[in-house]
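Input: a single structure, listed below in structure tokens.
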Amino acid sequence: MSLYGLLQQRQSANKPIRIGIIGAGTFSSAFLNQARITPGLRVVSIADLDVEKAKQACLGVGFQVEEIGVANSPWIINDGAAKGKVMLTADADNLLQADLEVILEATGVTEAGTYHAWTALETGKHVIMATSKRMCSSVRY
């Protein structure tokens, strides 16, 4: 079966892959745009130090204001997600402790990305790394 077929099965079973995004930049916005229209995927939460930037990313891809919430704990993220909202947080640790399956790390900061990936793996989540050494022009090696 194809990946698309597997995603359709998850959608039909009302068990989409629950995704958290860390970082609300260009890469995250592009992913959010595609995830929003892909059956079987559900962006549950976005963490960014600038919550307003995350909100604008959501609005920019078609979320309505009523579909967006703000959370300051993993429990509030889980509660908002159960109500069908994408929950925004300024603290990535809230997202990392929430009930998610996949973390997309896209901060562009190597040190933060390493911490996020390590913590996500320790909590049993899958990790997609968009942050890389080459993305981080301000970091000297």
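Order determines the names: the first chain of the structure tokens is A, the second B, and so forth; residues in each chain are numbered 1 upward, and ligands are numbered 1 upward as they are shown.
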
- Item | Shell of 8 Å around A:Arg42, only C-alpha atoms, local chain residues under 6 positions omitted, as a PyMOL selection string | chain A and resi 16-19+35-36

- Message: Give me, as a ChimeraX atom specification, all polymer residues having an atom no more than 9 Å from A:Ser28, counting only C-alpha atoms and skipping those fewer than 6 positions away in the same chain.
- Response: /A:21-22,57,104-107,130

Just C-alpha atoms for this one: save the residues we selected as a PDB file, in the first residue's frame.
```
ATOM      1  CA  ILE A  21       6.168  21.911  14.885  1.00  0.00           C
ATOM      2  CA  ILE A  22       8.961  23.789  16.610  1.00  0.00           C
ATOM      3  CA  ALA A  57       1.626  31.368   9.954  1.00  0.00           C
ATOM      4  CA  LEU A 104       9.170  18.662  13.166  1.00  0.00           C
ATOM      5  CA  GLU A 105      12.188  20.618  14.383  1.00  0.00           C
ATOM      6  CA  ALA A 106      12.626  23.728  12.222  1.00  0.00           C
ATOM      7  CA  THR A 107      14.120  26.420  14.431  1.00  0.00           C
ATOM      8  CA  ALA A 130      14.726  20.540   9.178  1.00  0.00           C
TER       9      ALA A 130
END
```

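Residue nearest A:His116 within the list A:Val43, A:Asp99, A:Met129, A:Leu6: A:Met129 [criterion: smallest interatomic distance, only C-alpha atoms].
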
- as a VMD selection string, which residues of chain A does DSSP assign to alpha helix (DSSP H)? chain A and resid 3 to 12 26 to 37 51 to 60 74 to 82 92 to 97 110 to 122

- Near-A:Gln11 list (12 Å; only C-alpha atoms; drop same-chain fewer than 2 positions) as a PyMOL selection string: chain A and resi 4-9+13-18+37-42

- Query: In chain A, what's strand (DSSP E) per DSSP? Answer as a VMD selection string?
  - Reply: chain A and resid 17 to 22 41 to 47 68 to 70 86 to 89 102 to 105 126 to 129

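Distance check against A:Ile68 using only C-alpha atoms: of A:Gln56, A:Met87, A:Gly108, A:Val51, the minimum falls on A:Met87.
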
Contacts of A:Asp91 at 10 Å (only C-alpha atoms; same-chain gap of 3+ positions) as an mmCIF file with C-alpha atoms, in the first residue's frame:
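Wrote around.cif, looks like this:
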```cif
data_model
loop_
_atom_site.group_PDB
_atom_site.id
_atom_site.type_symbol
_atom_site.label_atom_id
_atom_site.label_comp_id
_atom_site.auth_asym_id
_atom_site.auth_seq_id
_atom_site.Cartn_x
_atom_site.Cartn_y
_atom_site.Cartn_z
ATOM 1 C CA ILE A 22 8.961 23.789 16.610
ATOM 2 C CA ILE A 46 3.346 24.948 17.051
ATOM 3 C CA ALA A 47 6.026 26.250 19.389
ATOM 4 C CA ASP A 48 7.795 29.507 18.649
ATOM 5 C CA LEU A 49 9.272 32.149 20.934
ATOM 6 C CA ASP A 50 7.075 34.601 19.023
ATOM 7 C CA VAL A 51 3.546 33.191 19.406
ATOM 8 C CA ALA A 71 -1.261 26.968 25.641
ATOM 9 C CA ASN A 72 1.198 27.253 28.492
ATOM 10 C CA SER A 73 1.275 23.554 29.406
ATOM 11 C CA PRO A 74 1.209 20.164 27.661
ATOM 12 C CA LEU A 88 0.427 27.664 20.010
ATOM 13 C CA ASN A 94 5.187 22.179 26.468
ATOM 14 C CA LEU A 95 4.936 20.805 22.944
ATOM 15 C CA LEU A 96 7.552 18.095 23.583
#
```

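Within the 9 Å cut-off around A:His126, using only C-alpha atoms and omitting residues fewer than 3 positions from it on the same chain, the listed residues are Glu101, Val102, Ile103, Leu104, Ala117, Ala120 and Leu121 of chain A.
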
- Message: Please determine, counting only C-alpha atoms, which residue among A:Thr131, A:Val65, A:Lys125, A:Lys83 has the shortest atom-to-atom distance to A:Thr110.
- Response: A:Thr131

- Of A:Leu32, A:Ala82, A:Val44, A:Ala112, the one nearest to A:Val61 when counting only C-alpha atoms is A:Leu32

- Task: Could you check which of A:Gly25, A:Cys58, A:Gln97, A:Ala30 is closest to A:Ile76, using only C-alpha atoms?
- Result: A:Gln97

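Across the structure, atom CA of A:Phe63 and atom CA of A:Ala24 are spaced 14.5 Å apart.
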